[in-house]
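S.K.: Provided below: data-v4.cif, containing mmCIF, C-alpha atoms.
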```cif
data_final
#
loop_
_atom_site.label_atom_id
_atom_site.label_comp_id
_atom_site.auth_asym_id
_atom_site.auth_seq_id
_atom_site.Cartn_x
_atom_site.Cartn_y
_atom_site.Cartn_z
CA MET G 1 93.51 92.34 58.40
CA THR G 2 96.10 92.14 55.61
CA ASP G 3 96.95 89.09 53.53
CA SER G 4 100.24 88.68 55.36
CA GLU G 5 98.52 88.69 58.75
CA GLN G 6 96.31 85.82 57.59
CA HIS G 7 99.16 83.84 56.07
CA PRO G 8 99.36 80.36 57.68
CA TYR G 9 103.05 80.76 58.50
CA VAL G 10 102.43 84.09 60.28
CA GLU G 11 99.47 82.64 62.16
CA TRP G 12 101.56 79.66 63.19
CA ILE G 13 104.37 81.87 64.52
CA ALA G 14 101.81 83.92 66.46
CA SER G 15 100.07 80.88 67.93
CA GLU G 16 103.39 79.38 69.02
CA ALA G 17 104.49 82.65 70.54
CA ARG G 18 101.25 82.83 72.53
CA ARG G 19 102.18 79.72 74.46
CA PRO G 20 103.03 80.32 78.14
CA VAL G 21 106.72 80.56 78.93
CA LEU G 22 108.68 78.92 81.70
CA MET G 23 110.69 81.15 83.96
CA ASP G 24 113.03 80.38 86.83
CA PRO G 25 110.68 79.40 89.69
CA GLY G 26 112.62 81.66 92.07
CA ALA G 27 112.16 84.77 89.91
CA ARG G 28 108.91 85.87 91.55
CA ASP G 29 110.43 85.43 95.01
CA ARG G 30 113.37 87.59 93.98
CA ILE G 31 110.98 90.32 92.85
CA MET G 32 109.11 90.28 96.15
CA ALA G 33 112.39 90.21 98.09
CA ALA G 34 113.46 93.35 96.23
CA VAL G 35 110.07 94.93 96.89
CA ARG G 36 110.24 94.19 100.62
CA ALA G 37 113.63 95.94 100.76
CA GLU G 38 112.01 99.14 99.46
CA PRO G 39 110.23 101.72 101.60
CA VAL G 40 106.45 101.52 101.39
CA PRO G 41 105.31 104.04 98.76
CA ALA G 42 103.68 107.01 100.45
CA PRO G 43 100.08 107.73 99.46
CA ALA G 44 99.70 110.69 97.12
CA PRO G 45 99.52 114.00 99.00
CA ALA G 46 95.98 115.11 99.79
CA TRP G 47 96.22 118.13 97.49
CA ARG G 48 97.14 115.89 94.57
CA ARG G 49 94.24 113.55 95.22
CA PHE G 50 92.02 116.63 95.38
CA LEU G 51 93.24 117.75 91.96
CA GLN G 52 92.63 114.38 90.35
CA PRO G 53 89.46 114.09 88.27
CA HIS G 54 86.60 112.60 90.25
CA VAL G 55 83.35 111.10 89.13
CA ILE G 56 80.41 112.48 91.11
CA HIS G 57 77.26 110.39 91.17
CA MET G 58 74.05 112.44 91.46
CA SER G 59 70.41 111.56 91.28
CA PRO G 60 68.42 112.98 88.33
CA ALA G 61 66.57 115.32 90.74
CA ALA G 62 69.83 116.64 92.18
CA THR G 63 71.22 117.10 88.68
CA SER G 64 68.17 119.14 87.65
CA LEU G 65 68.45 121.25 90.79
CA LEU G 66 72.14 121.91 90.16
CA ALA G 67 71.49 122.81 86.51
CA ALA G 68 68.72 125.21 87.52
CA GLY G 69 71.00 126.78 90.11
CA LEU G 70 73.81 127.30 87.60
CA VAL G 71 71.41 128.88 85.11
CA GLY G 72 70.17 131.17 87.88
CA ILE G 73 73.69 132.24 88.79
CA GLY G 74 74.43 132.91 85.12
CA VAL G 75 71.32 135.05 84.72
CA LEU G 76 71.99 137.04 87.90
CA THR G 77 75.63 137.60 86.90
CA GLY G 78 74.54 138.80 83.47
CA VAL G 79 72.08 141.25 85.00
CA VAL G 80 74.62 142.66 87.44
CA MET G 81 77.36 142.96 84.81
CA SER G 82 75.10 144.64 82.26
CA ASN G 83 73.85 147.11 84.91
CA ARG G 84 77.45 148.02 85.75
CA GLY G 85 78.54 148.22 82.12
CA GLY G 86 80.90 145.37 82.87
CA LEU G 87 82.93 143.20 80.58
CA THR G 88 81.14 141.15 78.00
CA ALA G 89 82.33 138.45 75.76
CA GLU G 90 82.00 140.74 72.76
CA HIS G 91 84.12 143.48 74.33
CA PRO G 92 87.02 141.98 76.20
CA ARG G 93 89.45 144.49 77.68
CA GLY G 94 92.98 144.26 78.94
CA VAL G 95 93.40 140.56 78.25
CA ALA G 96 96.80 139.70 76.79
CA VAL G 97 97.21 136.17 75.57
CA LEU G 98 100.84 135.16 75.42
CA PRO G 99 102.04 132.06 73.62
CA SER G 100 102.70 129.41 76.26
CA GLN G 101 106.27 128.23 76.48
CA PRO G 102 107.61 125.41 78.60
CA PRO G 103 109.85 126.59 81.43
CA VAL G 104 113.57 126.08 80.83
CA SER G 105 115.35 124.11 83.53
CA ASP G 106 118.78 125.62 83.05
CA THR G 107 119.86 126.67 86.52
CA LEU G 108 121.70 124.20 88.72
CA VAL G 109 120.53 124.29 92.32
CA LYS G 110 122.15 122.42 95.17
CA PHE G 111 120.00 121.17 98.04
CA VAL G 112 121.65 120.26 101.34
CA PHE G 113 120.07 118.58 104.33
CA VAL G 114 121.54 117.25 107.58
CA ALA G 115 120.13 113.97 108.86
CA PRO G 116 122.78 111.78 110.53
CA GLN G 117 120.31 109.06 111.51
CA ALA G 118 118.53 108.76 108.16
CA GLN G 119 118.84 105.67 106.00
CA ASN G 120 117.72 107.55 102.89
CA VAL G 121 116.54 111.02 102.03
CA SER G 122 114.60 112.14 98.95
CA LEU G 123 113.95 115.60 97.63
CA VAL G 124 110.36 116.13 96.51
CA GLY G 125 108.85 119.24 95.01
CA ASP G 126 106.74 120.76 92.30
CA PHE G 127 109.65 120.17 89.91
CA ASN G 128 109.49 116.35 90.22
CA GLU G 129 105.76 115.84 90.78
CA TRP G 130 106.43 115.22 94.49
CA ASP G 131 107.71 111.80 93.52
CA LEU G 132 109.80 110.10 96.19
CA ALA G 133 111.65 107.98 93.66
CA LYS G 134 112.78 110.71 91.30
CA THR G 135 115.39 112.66 93.28
CA PRO G 136 117.18 110.60 95.92
CA MET G 137 119.81 112.57 97.85
CA ILE G 138 123.36 111.36 98.28
CA ARG G 139 125.02 111.02 101.64
CA SER G 140 128.50 112.50 102.05
CA GLY G 141 130.56 110.06 104.10
CA GLU G 142 129.61 109.72 107.76
CA SER G 143 128.80 113.38 108.26
CA GLY G 144 125.07 112.95 107.92
CA LEU G 145 125.07 115.54 105.15
CA TRP G 146 122.75 114.72 102.25
CA THR G 147 123.04 116.63 98.99
CA VAL G 148 121.66 116.67 95.48
CA VAL G 149 122.10 119.04 92.54
CA LEU G 150 119.44 119.38 89.87
CA PRO G 151 118.49 121.81 87.11
CA LEU G 152 115.48 123.99 87.82
CA SER G 153 113.61 126.59 85.88
CA ALA G 154 113.60 130.17 87.07
CA GLY G 155 110.83 130.99 89.51
CA ARG G 156 109.41 129.97 92.84
CA HIS G 157 109.54 126.30 93.75
CA LEU G 158 107.99 124.48 96.68
CA TYR G 159 109.79 121.47 98.07
CA ALA G 160 110.42 119.25 101.08
CA PHE G 161 112.75 116.51 102.21
CA VAL G 162 111.41 113.02 102.88
CA VAL G 163 113.38 111.00 105.41
CA ASP G 164 113.29 107.20 105.21
CA GLY G 165 110.37 107.29 102.82
CA SER G 166 107.81 108.60 105.27
CA SER G 167 108.77 111.73 107.26
CA TRP G 168 108.22 114.96 105.37
CA VAL G 169 110.57 117.63 106.70
CA GLN G 170 110.89 121.31 105.84
CA ASP G 171 114.27 122.76 104.95
CA PRO G 172 115.44 124.58 108.11
CA SER G 173 117.54 126.95 106.01
CA ALA G 174 114.75 128.08 103.70
CA PRO G 175 111.60 130.17 104.02
CA ILE G 176 108.37 128.29 104.53
CA ALA G 177 105.38 128.69 102.28
CA PRO G 178 101.96 129.21 103.88
CA ASP G 179 100.12 125.99 104.66
CA ASP G 180 98.59 124.74 101.44
CA GLY G 181 95.32 124.05 103.20
CA PHE G 182 95.83 120.30 103.24
CA GLY G 183 98.16 120.04 106.22
CA HIS G 184 101.44 120.62 104.40
CA ALA G 185 103.82 123.50 104.84
CA ASN G 186 106.58 123.33 102.28
CA SER G 187 109.89 125.11 101.87
CA VAL G 188 110.38 127.72 99.18
CA LYS G 189 113.29 128.07 96.76
CA LEU G 190 113.49 131.12 94.55
CA VAL G 191 115.56 130.45 91.45
CA VAL G 192 116.99 133.27 89.36
CA ARG G 193 117.77 132.22 85.84
CA GLY G 194 121.43 131.75 84.99
CA SER G 195 122.67 131.76 88.59
CA SER G 196 123.54 128.65 90.50
CA SER G 197 123.21 127.99 94.20
CA MET X 1 86.70 99.01 93.01
CA SER X 2 88.60 96.41 90.98
CA ASP X 3 90.81 93.75 92.56
CA ASP X 4 93.83 95.64 91.26
CA ALA X 5 92.74 98.95 92.74
CA ALA X 6 91.94 97.27 96.06
CA ASP X 7 95.39 95.67 96.16
CA VAL X 8 97.03 98.99 95.34
CA GLN X 9 95.14 100.64 98.21
CA ARG X 10 96.25 97.88 100.58
CA VAL X 11 99.90 98.37 99.57
CA LEU X 12 99.67 102.13 100.03
CA ALA X 13 98.14 101.51 103.46
CA GLY X 14 101.31 99.63 104.39
CA ASP X 15 100.48 96.03 103.47
CA VAL X 16 103.48 95.20 101.30
CA GLU X 17 102.38 91.58 100.86
CA ALA X 18 99.34 92.76 98.90
CA TYR X 19 101.77 93.54 96.12
CA ALA X 20 102.44 89.80 95.75
CA ALA X 21 98.85 89.41 94.51
CA LEU X 22 99.50 91.95 91.77
CA VAL X 23 102.78 90.26 90.83
CA ASP X 24 101.07 86.85 90.69
CA ARG X 25 98.20 88.22 88.58
CA TYR X 26 100.40 89.72 85.88
CA TYR X 27 103.71 87.87 86.09
CA ASP X 28 103.03 85.16 83.49
CA ARG X 29 101.71 87.53 80.87
CA CYS X 30 104.52 90.01 81.43
CA ALA X 31 107.10 87.20 81.34
CA ARG X 32 105.81 85.98 77.99
CA PHE X 33 106.05 89.44 76.46
CA ALA X 34 109.52 90.04 77.93
CA ILE X 35 110.91 86.74 76.66
CA ARG X 36 109.39 87.11 73.21
CA MET X 37 110.67 90.67 73.02
CA LEU X 38 114.16 90.13 74.41
CA GLY X 39 114.81 86.59 73.29
CA ASN X 40 116.29 85.12 76.45
CA ARG X 41 115.29 84.46 80.02
CA ASP X 42 118.10 86.33 81.75
CA ASP X 43 117.29 89.63 80.07
CA ALA X 44 113.58 88.98 80.50
CA GLU X 45 114.04 88.45 84.24
CA ASP X 46 116.00 91.69 84.48
CA ALA X 47 113.21 93.55 82.69
CA LEU X 48 110.52 91.94 84.84
CA GLN X 49 112.29 92.74 88.09
CA ALA X 50 112.82 96.34 87.03
CA THR X 51 109.21 96.61 85.89
CA PHE X 52 107.61 95.35 89.08
CA LEU X 53 110.05 97.36 91.22
CA ARG X 54 109.42 100.59 89.33
CA ALA X 55 105.69 100.02 89.44
CA TYR X 56 105.92 99.50 93.20
CA ARG X 57 107.92 102.68 93.72
CA ALA X 58 105.47 104.66 91.61
CA LEU X 59 102.34 103.05 93.01
CA ASN X 60 101.18 106.31 94.55
CA ARG X 61 101.01 107.77 91.06
CA TYR X 62 98.77 105.02 89.73
CA GLN X 63 95.27 106.41 89.36
CA GLU X 64 92.20 104.26 89.58
CA ARG X 65 90.72 105.67 86.43
CA ASP X 66 93.50 103.86 84.52
CA ARG X 67 93.61 100.12 84.06
CA PHE X 68 96.41 98.73 86.20
CA SER X 69 97.38 96.22 83.51
CA ALA X 70 97.78 98.97 80.90
CA TRP X 71 99.80 101.08 83.33
CA LEU X 72 102.03 98.10 84.17
CA TYR X 73 102.46 97.18 80.52
CA ARG X 74 103.58 100.70 79.70
CA ILE X 75 106.37 100.32 82.26
CA LEU X 76 107.20 96.83 80.94
CA VAL X 77 107.50 97.95 77.33
CA ASN X 78 109.84 100.76 78.36
CA GLN X 79 111.93 98.41 80.48
CA CYS X 80 112.26 95.94 77.62
CA ARG X 81 113.41 98.78 75.39
CA SER X 82 115.99 99.81 78.00
CA VAL X 83 117.30 96.28 78.47
CA ALA X 84 117.52 95.79 74.71
CA ALA X 85 119.39 99.06 74.31
CA ARG X 86 121.89 98.12 77.03
CA ARG X 87 122.40 94.73 75.44
CA ALA X 88 122.97 96.27 72.03
CA HIS X 89 125.93 98.09 73.51
CA ARG X 90 127.16 94.97 75.27
CA GLU X 91 127.10 92.54 72.45
CA ARG X 92 125.96 91.96 68.93
CA VAL X 93 124.20 88.72 68.25
CA PHE X 94 124.68 87.32 64.80
CA VAL X 95 122.37 84.57 63.76
CA ARG X 96 123.55 82.43 60.90
CA GLU X 97 120.91 82.41 58.22
CA GLU X 98 122.01 78.93 57.20
CA ALA X 99 121.22 77.60 60.63
CA LEU X 100 117.82 79.24 60.53
CA LEU X 101 117.04 77.72 57.17
CA LEU X 102 118.14 74.29 58.29
CA ASN X 103 115.81 74.57 61.26
CA ALA X 104 112.93 76.14 59.43
CA PRO X 105 109.89 74.01 58.78
CA ASP X 106 108.96 73.54 55.13
CA HIS X 107 105.63 72.59 53.63
CA SER X 108 106.40 68.87 53.90
CA THR X 109 107.19 69.05 57.58
CA VAL X 110 104.56 68.47 60.18
CA TRP X 111 104.60 71.47 62.50
CA THR X 112 104.82 70.05 65.94
CA GLY X 113 104.53 73.44 67.60
CA GLU X 114 107.20 72.42 70.07
CA ASP X 115 110.16 74.31 68.74
CA GLU X 116 110.04 77.37 70.94
CA GLU X 117 113.65 78.14 70.23
CA PHE X 118 112.96 78.27 66.51
CA VAL X 119 109.99 80.62 66.93
CA GLN X 120 112.08 82.85 69.16
CA ARG X 121 114.83 83.06 66.56
CA VAL X 122 112.32 83.99 63.89
CA LEU X 123 110.96 86.75 66.13
CA ASN X 124 114.51 87.94 66.88
CA GLU X 125 115.04 88.51 63.18
CA LEU X 126 112.41 91.24 63.19
CA ASP X 127 113.43 94.83 63.80
CA PRO X 128 112.69 95.55 67.51
CA LEU X 129 109.98 98.12 66.77
CA LEU X 130 108.26 95.74 64.36
CA ARG X 131 108.62 92.88 66.84
CA GLU X 132 107.16 94.99 69.64
CA ALA X 133 104.13 95.94 67.55
CA PHE X 134 103.65 92.37 66.32
CA LEU X 135 103.77 90.98 69.87
CA LEU X 136 101.35 93.55 71.28
CA LYS X 137 98.89 92.93 68.45
CA HIS X 138 99.09 89.21 67.77
CA ILE X 139 100.40 87.73 71.02
CA GLU X 140 98.95 90.09 73.64
CA GLU X 141 95.93 90.61 71.36
CA MET X 142 95.55 94.30 72.12
CA SER X 143 93.53 96.74 70.08
CA TYR X 144 95.43 99.39 68.16
CA GLU X 145 93.98 102.01 70.49
CA GLU X 146 95.37 100.16 73.52
CA MET X 147 98.73 99.82 71.80
CA SER X 148 98.77 103.51 70.99
CA ALA X 149 98.02 104.51 74.57
CA LEU X 150 100.76 102.17 75.75
CA THR X 151 103.53 103.09 73.33
CA GLY X 152 102.70 106.70 72.53
CA VAL X 153 102.81 105.82 68.82
CA GLY X 154 99.92 106.70 66.53
CA VAL X 155 97.44 104.03 65.40
CA SER X 156 98.30 104.34 61.71
CA ALA X 157 102.03 103.97 62.42
CA LEU X 158 101.34 100.92 64.57
CA LYS X 159 99.21 99.35 61.84
CA MET X 160 102.07 99.90 59.43
CA ARG X 161 104.55 98.27 61.83
CA VAL X 162 102.34 95.22 62.30
CA LYS X 163 101.83 94.91 58.56
CA ARG X 164 105.57 95.15 57.93
CA ALA X 165 106.31 92.57 60.60
CA CYS X 166 103.84 90.16 58.98
CA ASP X 167 105.25 90.95 55.54
CA ARG X 168 108.76 90.12 56.79
CA LEU X 169 107.58 86.81 58.19
CA ARG X 170 105.74 85.96 55.00
CA GLU X 171 108.77 86.91 52.88
CA ARG X 172 110.89 84.68 55.06
CA TRP X 173 108.53 81.78 54.40
CA GLU X 174 108.57 82.42 50.65
CA ARG X 175 112.38 82.64 50.66
CA ILE X 176 112.54 79.24 52.31
CA GLN X 177 110.19 77.80 49.69
CA HIS X 178 112.34 79.01 46.82
CA ASP X 179 115.68 77.79 48.21
#
```
Could you show the structure in this file as C-alpha cells?
M.R.:
Amino acid sequence: MTDSEQHPYVEWIASEARRPVLMDPGARDRIMAAVRAEPVPAPAPAWRRFLQPHVIHMSPAATSLLAAGLVGIGVLTGVVMSNRGGLTAEHPRGVAVLPSQPPVSDTLVKFVFVAPQAQNVSLVGDFNEWDLAKTPMIRSGESGLWTVVLPLSAGRHLYAFVVDGSSWVQDPSAPIAPDDGFGHANSVKLVVRGSSS
Amino acid sequence: MSDDAADVQRVLAGDVEAYAALVDRYYDRCARFAIRMLGNRDDAEDALQATFLRAYRALNRYQERDRFSAWLYRILVNQCRSVAARRAHRERVFVREEALLLNAPDHSTVWTGEDEEFVQRVLNELDPLLREAFLLKHIEEMSYEEMSALTGVGVSALKMRVKRACDRLRERWERIQHD
C-alpha cells in the first residue's frame, strides 16, 4: 500500500464513502415492475449446456481405472499405427496450419417472419450466441410482418425465430438443418460475402 | 449450489419472483457504488434499473462456475460508464473550487463524518477511471485480481489508477493546507 493510500485524509474519504446510501424506497419496486413486464428468460439450449465445462466427481478407484484405460488405449493405438506405418508426431503429413482470422461481418442480411399474433419476435442464431435479447425484430405496422437487418460473415449460419420469448420457430422460407441431436432443428442461411439479401 | 445459483435456477424455471431475492441481496451494495460513481441518485437509479434488467434478460447466460456478484458487478460497472457517457453529452457540471475549499475540512476541524455531499464532491473531482478504480478497491474492497476480471483492465494498470486517485486526494488535502 502506498503512502497516499495510508494518508489519513484518503482513509477518511474512503471510510465515509463506504457508508450505506439512501435511495428512493420505491426504486426496488420499480425494478421488479420492469422485470415482471419482461418475458421469462429461456433456459440455455441443451447443446449449450452440454458444451459448458463440467466438473465430474470420481472416486479414487474410478479415477485409477479411467487412467489405466486411457493408457491402454494409447498403447493399442500406438501399436496399430506403427504396424500400419501410420502418422507419428515426428512425421506429420498434409497438415496445413493457417493463421486464424476472425470472420468479417460485412454482408447485410434481412430476415423476415410473419407472425400476426405475436407480441414480440427475436432472431437467435450462431451469430448472436442464441441470445434472445440481442436481436429483437421490428414489426411493420399491422401486417404481422417482422423484420430485422444485421451484418453477417460469409458462410453457413444456423438460426431460428423466437415468438413471445418462448416458442422457437423455424423459418418456413429457408432450408432446415439436420436435428442437432438435442431436439432442435434450425434454419440455415448461406451468406455469400459482399452480397446482400 | 449457492443461494444465488438456486435463485437463478428458480427464475429460469419460470418463478419471476425469485429474482426479487437477488435484487434484495445486491441492491444496497450496487446502489452505493452507483451513487459514488455517478454522483447523484437519479443517474444511479437509472444505472441500477438498467443493470438489474439486463442481468435478468441475460440470466440464461450466467454460468454457475462464475460468482453471481462478480457477474452482476461487471454489468453494473458498464452501465455506470454508459450513464456517465450519456450525461457528459447532456451537460457539463462545473464545480467551483472556491466552494469546495470553503466546505473542505481542515486540520482544526473535527470531522463529523456526516457530510456525504462533501465526500461526493471530492470523489466527483477524480477522473472517472481513477474514481472507478478507487471505489472498487477502497469502497468495495475488492482484490486487484477481482477488479481486473471485472473491468478487463490489467492488474498493474489498476494499481496505477488507484495510486493516482489516492495521490490526487492527498494533493488536494495538501493544497488546502497551504491556502
S.K.: Please find the residues of chain X near chain G - the criterion being any atom within 9 Å, counting only C-alpha atoms - and write them as a compact mmCIF listing (two decimals) with C-alpha atoms, in the coordinates of the input.
M.R.:
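File produced: selection.txt:
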```txt
# COMPACT_ATOMS: atom_id res chain seq x y z
CA GLN X 9 95.14 100.64 98.21
CA VAL X 11 99.90 98.37 99.57
CA LEU X 12 99.67 102.13 100.03
CA ALA X 13 98.14 101.51 103.46
CA GLY X 14 101.31 99.63 104.39
CA ASP X 15 100.48 96.03 103.47
CA VAL X 16 103.48 95.20 101.30
CA GLU X 17 102.38 91.58 100.86
CA TYR X 19 101.77 93.54 96.12
CA ALA X 20 102.44 89.80 95.75
CA VAL X 23 102.78 90.26 90.83
CA ASP X 24 101.07 86.85 90.69
CA TYR X 27 103.71 87.87 86.09
CA ASP X 28 103.03 85.16 83.49
CA ARG X 29 101.71 87.53 80.87
CA ALA X 31 107.10 87.20 81.34
CA ARG X 32 105.81 85.98 77.99
CA ILE X 35 110.91 86.74 76.66
CA ARG X 36 109.39 87.11 73.21
CA ARG X 41 115.29 84.46 80.02
CA GLU X 45 114.04 88.45 84.24
CA LEU X 48 110.52 91.94 84.84
CA GLN X 49 112.29 92.74 88.09
CA ALA X 50 112.82 96.34 87.03
CA PHE X 52 107.61 95.35 89.08
CA LEU X 53 110.05 97.36 91.22
CA ARG X 54 109.42 100.59 89.33
CA TYR X 56 105.92 99.50 93.20
CA ARG X 57 107.92 102.68 93.72
CA ALA X 58 105.47 104.66 91.61
CA LEU X 59 102.34 103.05 93.01
CA ASN X 60 101.18 106.31 94.55
CA ARG X 61 101.01 107.77 91.06
CA GLN X 63 95.27 106.41 89.36
CA ARG X 65 90.72 105.67 86.43
CA TRP X 111 104.60 71.47 62.50
CA GLY X 113 104.53 73.44 67.60
CA GLU X 114 107.20 72.42 70.07
CA ASP X 115 110.16 74.31 68.74
CA GLU X 116 110.04 77.37 70.94
CA VAL X 119 109.99 80.62 66.93
CA GLN X 120 112.08 82.85 69.16
CA VAL X 122 112.32 83.99 63.89
CA LEU X 123 110.96 86.75 66.13
CA PHE X 134 103.65 92.37 66.32
CA LEU X 135 103.77 90.98 69.87
CA HIS X 138 99.09 89.21 67.77
CA ILE X 139 100.40 87.73 71.02
CA GLU X 140 98.95 90.09 73.64
CA VAL X 162 102.34 95.22 62.30
CA LYS X 163 101.83 94.91 58.56
CA ARG X 164 105.57 95.15 57.93
CA ALA X 165 106.31 92.57 60.60
CA CYS X 166 103.84 90.16 58.98
CA ASP X 167 105.25 90.95 55.54
CA ARG X 168 108.76 90.12 56.79
CA LEU X 169 107.58 86.81 58.19
CA ARG X 170 105.74 85.96 55.00
CA TRP X 173 108.53 81.78 54.40
```
S.K.: For the structure provided, state which residues fall under the PyMOL selection byres ((chain G and resi 160-170) around 10), and present them as number ranges by chain.
M.R.: G: 38-43, 111-113, 115, 117-126, 130, 132-133, 136-137, 158-159, 171-177, 184-188
S.K.: Record the distance separating atom CA of X:Ser2 and atom CA of X:Arg74, expressed in Å with one decimal.
M.R.: 19.2 Å
S.K.: Enter the distance from atom CA of X:Tyr62 to atom CA of X:Val77, in Å, rounded to one decimal.
M.R.: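 Distance reported for this atom pair: 16.7 Å.
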S.K.: Name the residues captured by the PyMOL selection byres ((chain X and resi 128) around 12) when it is applied to the shown file; answer as a ChimeraX atom specification.
M.R.: /X:36-39,77,80-85,88,123-127,129-135,161-162,164-165
S.K.: Around all the atoms of stretch 17-20 of chain G listed in the file, with 4 Å of room on each side, what axis-aligned box do you get, giving centre and edge lengths in Å to one decimal, as JSON?
M.R.:
```
{"center_x": 102.9, "center_y": 81.3, "center_z": 74.3, "size_x": 11.2, "size_y": 11.1, "size_z": 15.6}
```
S.K.: Quote the spacing between atom CA of X:Val153 and atom CA of X:Glu141 in Å to one decimal place.
M.R.: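 These two atoms are separated by 16.9 Å.
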S.K.: For this file, the PyMOL selection byres ((chain X and resi 149) around 12) selects which residues, as a list in words?
M.R.: Asp66, Arg67, Ala70, Trp71, Tyr73, Arg74, Val77, Leu136, Met142, Ser143, Tyr144, Glu145, Glu146, Met147, Ser148, Leu150, Thr151, Gly152, Val153, Gly154, Val155 and Leu158 of chain X
